[in-house]
file coords.tsv (TSV, C-alpha atoms)
chain	number	residue	atom	x	y	z
A	1	MET	CA	0.00	0.00	0.00
A	2	ARG	CA	1.42	3.37	-1.06
A	3	CYS	CA	2.11	5.86	1.77
A	4	PRO	CA	-0.33	8.81	1.57
A	5	PHE	CA	2.30	11.14	3.13
A	6	CYS	CA	5.49	10.56	1.14
A	7	GLY	CA	4.28	8.31	-1.71
A	8	HIS	CA	6.66	5.44	-0.85
A	9	ALA	CA	5.43	2.29	-2.62
A	10	GLU	CA	5.49	0.00	0.42
A	11	SER	CA	4.06	0.15	3.93
A	12	GLN	CA	4.09	-2.28	6.83
A	13	VAL	CA	0.95	-3.68	8.46
A	14	LYS	CA	1.23	-3.13	12.23
A	15	ASP	CA	-2.22	-4.35	13.29
A	16	SER	CA	-5.25	-6.00	11.62
A	17	ARG	CA	-8.71	-6.52	13.04
A	18	PRO	CA	-12.29	-6.75	11.79
A	19	SER	CA	-14.29	-3.53	11.70
A	20	GLU	CA	-17.16	-3.08	14.15
A	21	ASP	CA	-19.77	-4.45	11.74
A	22	GLY	CA	-17.49	-7.23	10.46
A	23	ALA	CA	-17.85	-6.04	6.84
A	24	ALA	CA	-14.24	-4.91	6.54
A	25	ILE	CA	-10.73	-5.49	7.87
A	26	ARG	CA	-9.14	-2.48	9.54
A	27	ARG	CA	-5.36	-2.33	9.08
A	28	ARG	CA	-3.00	0.04	10.89
A	29	ARG	CA	0.02	0.69	8.68
A	30	ALA	CA	3.38	2.43	9.01
A	31	CYS	CA	5.65	3.76	6.27
A	32	PRO	CA	9.28	2.59	6.63
A	33	GLU	CA	10.44	5.65	4.66
A	34	CYS	CA	8.86	8.58	6.55
A	35	GLY	CA	7.45	6.82	9.63
A	36	GLY	CA	3.91	8.03	8.89
A	37	ARG	CA	1.04	5.97	10.30
A	38	PHE	CA	-2.33	5.52	8.62
A	39	THR	CA	-5.35	3.21	8.58
A	40	THR	CA	-6.79	1.30	5.63
A	41	PHE	CA	-10.00	-0.69	5.31
A	42	GLU	CA	-10.27	-3.80	3.17
A	43	ARG	CA	-13.77	-4.76	1.99
A	44	VAL	CA	-15.11	-7.69	0.03
A	45	GLN	CA	-16.07	-6.74	-3.51
A	46	LEU	CA	-18.18	-9.34	-5.26
A	47	ARG	CA	-17.95	-7.79	-8.72
A	48	GLU	CA	-16.91	-4.63	-10.50
A	49	LEU	CA	-19.94	-2.43	-10.94
A	50	THR	CA	-20.39	0.18	-13.65
A	51	ILE	CA	-22.97	2.93	-13.33
A	52	LEU	CA	-24.81	4.07	-16.44
A	53	LYS	CA	-25.49	7.81	-16.04
A	54	ARG	CA	-28.53	9.65	-17.38
A	55	SER	CA	-26.29	11.21	-20.03
A	56	GLY	CA	-25.34	7.74	-21.30
A	57	ARG	CA	-21.83	7.98	-19.87
A	58	ARG	CA	-20.48	5.01	-17.92
A	59	SER	CA	-18.39	5.29	-14.77
A	60	PRO	CA	-17.13	2.79	-12.21
A	61	PHE	CA	-19.19	2.54	-9.04
A	62	ASP	CA	-17.58	4.61	-6.29
A	63	ARG	CA	-18.59	3.69	-2.74
A	64	GLU	CA	-17.02	6.87	-1.37
A	65	LYS	CA	-19.14	9.02	-3.70
A	66	LEU	CA	-22.22	7.27	-2.33
A	67	VAL	CA	-21.03	7.92	1.24
A	68	ARG	CA	-20.41	11.62	0.47
A	69	SER	CA	-23.86	12.15	-1.06
A	70	ILE	CA	-25.57	10.50	1.90
A	71	ALA	CA	-23.42	12.44	4.38
A	72	LEU	CA	-24.42	15.67	2.67
A	73	ALA	CA	-28.11	14.79	2.96
A	74	THR	CA	-27.77	13.87	6.65
A	75	GLN	CA	-25.57	16.83	7.59
A	76	LYS	CA	-26.60	18.32	10.97
A	77	ARG	CA	-29.25	15.62	11.42
A	78	PRO	CA	-29.43	13.35	14.48
A	79	VAL	CA	-28.29	10.27	12.55
A	80	ASP	CA	-25.64	7.95	13.99
A	81	ALA	CA	-22.58	7.41	11.78
A	82	GLU	CA	-22.73	3.67	12.44
A	83	ARG	CA	-26.29	3.52	11.08
A	84	LEU	CA	-25.15	5.39	7.97
A	85	ASP	CA	-22.31	2.92	7.46
A	86	ARG	CA	-24.70	-0.03	7.81
A	87	MET	CA	-27.07	1.63	5.36
A	88	VAL	CA	-24.30	2.13	2.77
A	89	ASN	CA	-23.09	-1.47	3.27
A	90	GLY	CA	-26.65	-2.70	2.71
A	91	ILE	CA	-27.06	-0.68	-0.48
A	92	VAL	CA	-23.71	-1.90	-1.84
A	93	ARG	CA	-24.58	-5.53	-1.03
A	94	GLN	CA	-27.95	-5.12	-2.78
A	95	LEU	CA	-26.28	-3.65	-5.86
A	96	GLU	CA	-23.68	-6.44	-5.99
A	97	SER	CA	-26.26	-9.16	-5.50
A	98	MET	CA	-28.44	-7.93	-8.38
A	99	GLY	CA	-26.31	-10.02	-10.74
A	100	GLU	CA	-25.69	-7.15	-13.16
A	101	THR	CA	-22.33	-5.52	-13.76
A	102	GLU	CA	-23.88	-2.40	-15.31
A	103	LEU	CA	-26.60	-0.59	-13.42
A	104	PRO	CA	-28.48	2.63	-14.20
A	105	SER	CA	-27.82	5.49	-11.79
A	106	SER	CA	-31.58	5.62	-11.16
A	107	THR	CA	-31.37	2.21	-9.45
A	108	VAL	CA	-28.79	3.53	-7.00
A	109	GLY	CA	-30.74	6.75	-6.45
A	110	GLU	CA	-33.98	4.93	-5.71
A	111	MET	CA	-32.22	2.59	-3.25
A	112	VAL	CA	-30.71	5.55	-1.44
A	113	MET	CA	-34.05	7.36	-1.30
A	114	LYS	CA	-35.79	4.28	0.10
A	115	ALA	CA	-33.11	3.82	2.76
A	116	LEU	CA	-33.09	7.52	3.71
A	117	LYS	CA	-36.88	7.63	3.99
A	118	ALA	CA	-36.70	4.87	6.59
A	119	LEU	CA	-33.87	6.67	8.38
A	120	ASP	CA	-34.73	10.39	8.44
A	121	ASP	CA	-37.46	12.35	6.62
A	122	VAL	CA	-35.45	15.56	6.32
A	123	ALA	CA	-32.41	13.76	4.89
A	124	TYR	CA	-34.76	11.97	2.48
A	125	VAL	CA	-36.22	15.26	1.24
A	126	ARG	CA	-32.76	16.85	0.92
A	127	TYR	CA	-31.49	13.94	-1.16
A	128	ALA	CA	-34.68	13.85	-3.25
A	129	SER	CA	-34.42	17.57	-4.03
A	130	VAL	CA	-31.04	17.00	-5.67
A	131	TYR	CA	-31.78	13.58	-7.15
A	132	ARG	CA	-35.12	14.61	-8.66
A	133	ASP	CA	-33.62	17.94	-9.77
A	134	PHE	CA	-36.49	20.22	-8.71
A	135	LYS	CA	-36.57	23.30	-10.94
A	136	GLU	CA	-39.15	25.35	-9.05
A	137	THR	CA	-40.60	25.55	-5.56
A	138	SER	CA	-43.86	24.15	-6.93
A	139	ASP	CA	-42.01	20.92	-7.88
A	140	PHE	CA	-40.73	20.71	-4.34
A	141	ALA	CA	-44.17	21.36	-2.81
A	142	LYS	CA	-45.78	18.79	-5.12
A	143	PHE	CA	-43.20	16.17	-4.07
A	144	LEU	CA	-43.79	16.86	-0.38
A	145	GLY	CA	-47.54	16.57	-0.87
A	146	GLU	CA	-47.24	13.29	-2.79
A	147	GLU	CA	-45.01	11.82	-0.11
A	148	GLY	CA	-47.23	13.01	2.75
A	149	LEU	CA	-44.32	14.99	4.12
A	150	SER	CA	-45.68	18.52	4.12
A	151	ASP	CA	-44.76	18.79	7.83
A	152	VAL	CA	-41.08	18.24	6.94
A	153	ALA	CA	-41.00	21.66	5.31
A	154	ASP	CA	-41.31	23.14	8.81
A	155	GLU	CA	-38.08	21.41	9.90
A	156	GLU	CA	-34.56	22.50	9.00
A	157	LEU	CA	-33.87	21.51	5.38

call {"tool": "encode", "arguments": {"input": "coords.tsv", "output": "structure tokens"}}
result
Amino acid sequence: MRCPFCGHAESQVKDSRPSEDGAAIRRRRACPECGGRFTTFERVQLRELTILKRSGRRSPFDREKLVRSIALATQKRPVDAERLDRMVNGIVRQLESMGETELPSSTVGEMVMKALKALDDVAYVRYASVYRDFKETSDFAKFLGEEGLSDVADEEL
């Protein structure tokens, strides 16, 4: 593993243990060149996934991009980081178990929306507003009415 501090090509594993949810191996590493210490996580990947974007472009599935978009939607919300990690792990497992190597971005978006709705209404609405690309406030109001979430508008979005 390349050192993130000095770029040295090798690092030494000092400690390995399963993560809290058992879905990854946590490794503490040290660079023999600069002495820097860092942590890596090793996860099982069943297959390489490719996401087919609305524009027709294809890009490799990026778990970290999924984590960032969900973190943005749940920012300043009373949602435990461990629950978010379990949610992301569940979505990734669902995607990998679908049997397809190429998935439309809409599949990922709908899975995230479903998971967020069960987790936090405000985070769900925040994510939906970006995912559904509301152009006007009337689009937003219509969505809230259809979802029976008109009371969410009173909370901090």

call {"tool": "closest_residue", "arguments": {"input": "coords.tsv", "among": "A:Thr40, A:Ser97, A:Gln75, A:Ser105", "to": "Ser19 (chain A)", "atoms": "all atoms listed in the file"}}
result
A:Thr40

call {"tool": "axis_aligned_box", "arguments": {"input": "coords.tsv", "around": "region 128-143 of chain A", "padding_each_side": "4 Å", "output": "JSON"}}
result
{"center_x": -38.4, "center_y": 19.6, "center_z": -6.9, "size_x": 22.7, "size_y": 20.0, "size_z": 16.1}

call {"tool": "residues_near_point", "arguments": {"input": "coords.tsv", "point": "(0.3, 5.5, 5.2)", "cutoff": "8 Å", "atoms": "all atoms listed in the file", "output": "ChimeraX atom specification"}}
result
/A:1-5,11,29-31,36-39

call {"tool": "write_last_selection", "arguments": {"input": "coords.tsv", "atoms": "C-alpha atoms", "output": "CSV table (one decimal), in the frame of the given file"}}
result
chain,number,residue,atom,x,y,z
A,1,MET,CA,0.0,0.0,0.0
A,2,ARG,CA,1.4,3.4,-1.1
A,3,CYS,CA,2.1,5.9,1.8
A,4,PRO,CA,-0.3,8.8,1.6
A,5,PHE,CA,2.3,11.1,3.1
A,11,SER,CA,4.1,0.2,3.9
A,29,ARG,CA,0.0,0.7,8.7
A,30,ALA,CA,3.4,2.4,9.0
A,31,CYS,CA,5.6,3.8,6.3
A,36,GLY,CA,3.9,8.0,8.9
A,37,ARG,CA,1.0,6.0,10.3
A,38,PHE,CA,-2.3,5.5,8.6
A,39,THR,CA,-5.4,3.2,8.6

call {"tool": "closest_residue", "arguments": {"input": "coords.tsv", "among": "A:Arg54, A:Lys76, A:Lys14, A:Arg63", "to": "Ala123 (chain A)", "atoms": "all atoms listed in the file"}}
result
A:Lys76

call {"tool": "atom_distance", "arguments": {"input": "coords.tsv", "atom1": "CA of Ala81 (chain A)", "atom2": "CA of Arg26 (chain A)"}}
result
16.8 Å

call {"tool": "residues_near_point", "arguments": {"input": "coords.tsv", "point": "(-24.6, 3.7, -14.8)", "cutoff": "10 Å", "atoms": "only C-alpha atoms", "output": "short mmCIF file (atom, residue, chain, number, x, y, z; two decimals) with C-alpha atoms, in the frame of the given file"}}
result
data_model
loop_
_atom_site.label_atom_id
_atom_site.label_comp_id
_atom_site.auth_asym_id
_atom_site.auth_seq_id
_atom_site.Cartn_x
_atom_site.Cartn_y
_atom_site.Cartn_z
CA LEU A 49 -19.94 -2.43 -10.94
CA THR A 50 -20.39 0.18 -13.65
CA ILE A 51 -22.97 2.93 -13.33
CA LEU A 52 -24.81 4.07 -16.44
CA LYS A 53 -25.49 7.81 -16.04
CA ARG A 54 -28.53 9.65 -17.38
CA SER A 55 -26.29 11.21 -20.03
CA GLY A 56 -25.34 7.74 -21.30
CA ARG A 57 -21.83 7.98 -19.87
CA ARG A 58 -20.48 5.01 -17.92
CA SER A 59 -18.39 5.29 -14.77
CA PRO A 60 -17.13 2.79 -12.21
CA PHE A 61 -19.19 2.54 -9.04
CA THR A 101 -22.33 -5.52 -13.76
CA GLU A 102 -23.88 -2.40 -15.31
CA LEU A 103 -26.60 -0.59 -13.42
CA PRO A 104 -28.48 2.63 -14.20
CA SER A 105 -27.82 5.49 -11.79
CA SER A 106 -31.58 5.62 -11.16
CA THR A 107 -31.37 2.21 -9.45
CA VAL A 108 -28.79 3.53 -7.00
#

call {"tool": "closest_residue", "arguments": {"input": "coords.tsv", "among": "A:Glu136, A:Arg43, A:His8, A:Val13", "to": "Ile25 (chain A)", "atoms": "all atoms listed in the file"}}
result
A:Arg43

call {"tool": "build_atoms", "arguments": {"input": "coords.tsv", "residues": "region 34-56 of chain A", "atoms": "N, CA, C and O atoms", "output": "PDB file, keeping the file's coordinate frame"}}
result
ATOM      1  N   CYS A  34       9.068   7.331   5.793  1.00  0.00           N
ATOM      2  CA  CYS A  34       8.860   8.580   6.550  1.00  0.00           C
ATOM      3  C   CYS A  34       8.354   8.358   7.967  1.00  0.00           C
ATOM      4  O   CYS A  34       8.272   9.296   8.750  1.00  0.00           O
ATOM      5  N   GLY A  35       7.951   7.120   8.289  1.00  0.00           N
ATOM      6  CA  GLY A  35       7.450   6.820   9.630  1.00  0.00           C
ATOM      7  C   GLY A  35       5.992   7.184   9.828  1.00  0.00           C
ATOM      8  O   GLY A  35       5.455   7.020  10.928  1.00  0.00           O
ATOM      9  N   GLY A  36       5.317   7.667   8.789  1.00  0.00           N
ATOM     10  CA  GLY A  36       3.910   8.030   8.890  1.00  0.00           C
ATOM     11  C   GLY A  36       3.034   6.824   9.189  1.00  0.00           C
ATOM     12  O   GLY A  36       3.307   5.713   8.739  1.00  0.00           O
ATOM     13  N   ARG A  37       1.987   7.043   9.970  1.00  0.00           N
ATOM     14  CA  ARG A  37       1.040   5.970  10.300  1.00  0.00           C
ATOM     15  C   ARG A  37      -0.327   6.319   9.711  1.00  0.00           C
ATOM     16  O   ARG A  37      -0.739   7.474   9.732  1.00  0.00           O
ATOM     17  N   PHE A  38      -1.010   5.310   9.199  1.00  0.00           N
ATOM     18  CA  PHE A  38      -2.330   5.520   8.620  1.00  0.00           C
ATOM     19  C   PHE A  38      -3.128   4.227   8.710  1.00  0.00           C
ATOM     20  O   PHE A  38      -2.591   3.164   8.978  1.00  0.00           O
ATOM     21  N   THR A  39      -4.438   4.344   8.491  1.00  0.00           N
ATOM     22  CA  THR A  39      -5.350   3.210   8.580  1.00  0.00           C
ATOM     23  C   THR A  39      -5.969   2.957   7.211  1.00  0.00           C
ATOM     24  O   THR A  39      -6.338   3.894   6.505  1.00  0.00           O
ATOM     25  N   THR A  40      -6.086   1.681   6.852  1.00  0.00           N
ATOM     26  CA  THR A  40      -6.790   1.300   5.630  1.00  0.00           C
ATOM     27  C   THR A  40      -7.905   0.326   5.990  1.00  0.00           C
ATOM     28  O   THR A  40      -7.854  -0.325   7.036  1.00  0.00           O
ATOM     29  N   PHE A  41      -8.902   0.250   5.128  1.00  0.00           N
ATOM     30  CA  PHE A  41     -10.000  -0.690   5.310  1.00  0.00           C
ATOM     31  C   PHE A  41     -10.080  -1.561   4.064  1.00  0.00           C
ATOM     32  O   PHE A  41     -10.067  -1.057   2.947  1.00  0.00           O
ATOM     33  N   GLU A  42     -10.168  -2.849   4.269  1.00  0.00           N
ATOM     34  CA  GLU A  42     -10.270  -3.800   3.170  1.00  0.00           C
ATOM     35  C   GLU A  42     -11.671  -4.388   3.201  1.00  0.00           C
ATOM     36  O   GLU A  42     -12.106  -4.927   4.208  1.00  0.00           O
ATOM     37  N   ARG A  43     -12.396  -4.272   2.082  1.00  0.00           N
ATOM     38  CA  ARG A  43     -13.770  -4.760   1.990  1.00  0.00           C
ATOM     39  C   ARG A  43     -13.883  -5.812   0.895  1.00  0.00           C
ATOM     40  O   ARG A  43     -13.158  -5.756  -0.095  1.00  0.00           O
ATOM     41  N   VAL A  44     -14.832  -6.697   1.052  1.00  0.00           N
ATOM     42  CA  VAL A  44     -15.110  -7.690   0.030  1.00  0.00           C
ATOM     43  C   VAL A  44     -15.836  -7.006  -1.116  1.00  0.00           C
ATOM     44  O   VAL A  44     -16.765  -6.225  -0.902  1.00  0.00           O
ATOM     45  N   GLN A  45     -15.399  -7.272  -2.324  1.00  0.00           N
ATOM     46  CA  GLN A  45     -16.070  -6.740  -3.510  1.00  0.00           C
ATOM     47  C   GLN A  45     -16.433  -7.937  -4.377  1.00  0.00           C
ATOM     48  O   GLN A  45     -15.562  -8.634  -4.886  1.00  0.00           O
ATOM     49  N   LEU A  46     -17.726  -8.174  -4.518  1.00  0.00           N
ATOM     50  CA  LEU A  46     -18.180  -9.340  -5.260  1.00  0.00           C
ATOM     51  C   LEU A  46     -17.944  -9.207  -6.757  1.00  0.00           C
ATOM     52  O   LEU A  46     -17.607 -10.161  -7.427  1.00  0.00           O
ATOM     53  N   ARG A  47     -18.149  -8.017  -7.277  1.00  0.00           N
ATOM     54  CA  ARG A  47     -17.950  -7.790  -8.720  1.00  0.00           C
ATOM     55  C   ARG A  47     -17.739  -6.302  -8.963  1.00  0.00           C
ATOM     56  O   ARG A  47     -18.132  -5.470  -8.173  1.00  0.00           O
ATOM     57  N   GLU A  48     -17.100  -6.022 -10.089  1.00  0.00           N
ATOM     58  CA  GLU A  48     -16.910  -4.630 -10.500  1.00  0.00           C
ATOM     59  C   GLU A  48     -18.237  -4.106 -11.038  1.00  0.00           C
ATOM     60  O   GLU A  48     -18.814  -4.698 -11.940  1.00  0.00           O
ATOM     61  N   LEU A  49     -18.690  -3.020 -10.489  1.00  0.00           N
ATOM     62  CA  LEU A  49     -19.940  -2.430 -10.940  1.00  0.00           C
ATOM     63  C   LEU A  49     -19.671  -1.185 -11.771  1.00  0.00           C
ATOM     64  O   LEU A  49     -18.777  -0.403 -11.450  1.00  0.00           O
ATOM     65  N   THR A  50     -20.455  -1.012 -12.814  1.00  0.00           N
ATOM     66  CA  THR A  50     -20.390   0.180 -13.650  1.00  0.00           C
ATOM     67  C   THR A  50     -21.749   0.851 -13.585  1.00  0.00           C
ATOM     68  O   THR A  50     -22.784   0.199 -13.674  1.00  0.00           O
ATOM     69  N   ILE A  51     -21.732   2.156 -13.418  1.00  0.00           N
ATOM     70  CA  ILE A  51     -22.970   2.930 -13.330  1.00  0.00           C
ATOM     71  C   ILE A  51     -23.203   3.630 -14.665  1.00  0.00           C
ATOM     72  O   ILE A  51     -22.325   4.310 -15.192  1.00  0.00           O
ATOM     73  N   LEU A  52     -24.397   3.424 -15.203  1.00  0.00           N
ATOM     74  CA  LEU A  52     -24.810   4.070 -16.440  1.00  0.00           C
ATOM     75  C   LEU A  52     -25.549   5.356 -16.076  1.00  0.00           C
ATOM     76  O   LEU A  52     -26.635   5.323 -15.489  1.00  0.00           O
ATOM     77  N   LYS A  53     -24.938   6.496 -16.388  1.00  0.00           N
ATOM     78  CA  LYS A  53     -25.490   7.810 -16.040  1.00  0.00           C
ATOM     79  C   LYS A  53     -26.634   8.180 -16.973  1.00  0.00           C
ATOM     80  O   LYS A  53     -26.792   7.603 -18.044  1.00  0.00           O
ATOM     81  N   ARG A  54     -27.417   9.168 -16.555  1.00  0.00           N
ATOM     82  CA  ARG A  54     -28.530   9.650 -17.380  1.00  0.00           C
ATOM     83  C   ARG A  54     -28.049  10.128 -18.741  1.00  0.00           C
ATOM     84  O   ARG A  54     -28.754  10.005 -19.743  1.00  0.00           O
ATOM     85  N   SER A  55     -26.848  10.676 -18.784  1.00  0.00           N
ATOM     86  CA  SER A  55     -26.290  11.210 -20.030  1.00  0.00           C
ATOM     87  C   SER A  55     -25.831  10.105 -20.978  1.00  0.00           C
ATOM     88  O   SER A  55     -25.460  10.379 -22.112  1.00  0.00           O
ATOM     89  N   GLY A  56     -25.814   8.847 -20.492  1.00  0.00           N
ATOM     90  CA  GLY A  56     -25.340   7.740 -21.300  1.00  0.00           C
ATOM     91  C   GLY A  56     -23.895   7.376 -21.013  1.00  0.00           C
ATOM     92  O   GLY A  56     -23.401   6.353 -21.459  1.00  0.00           O
TER      93      GLY A  56
END
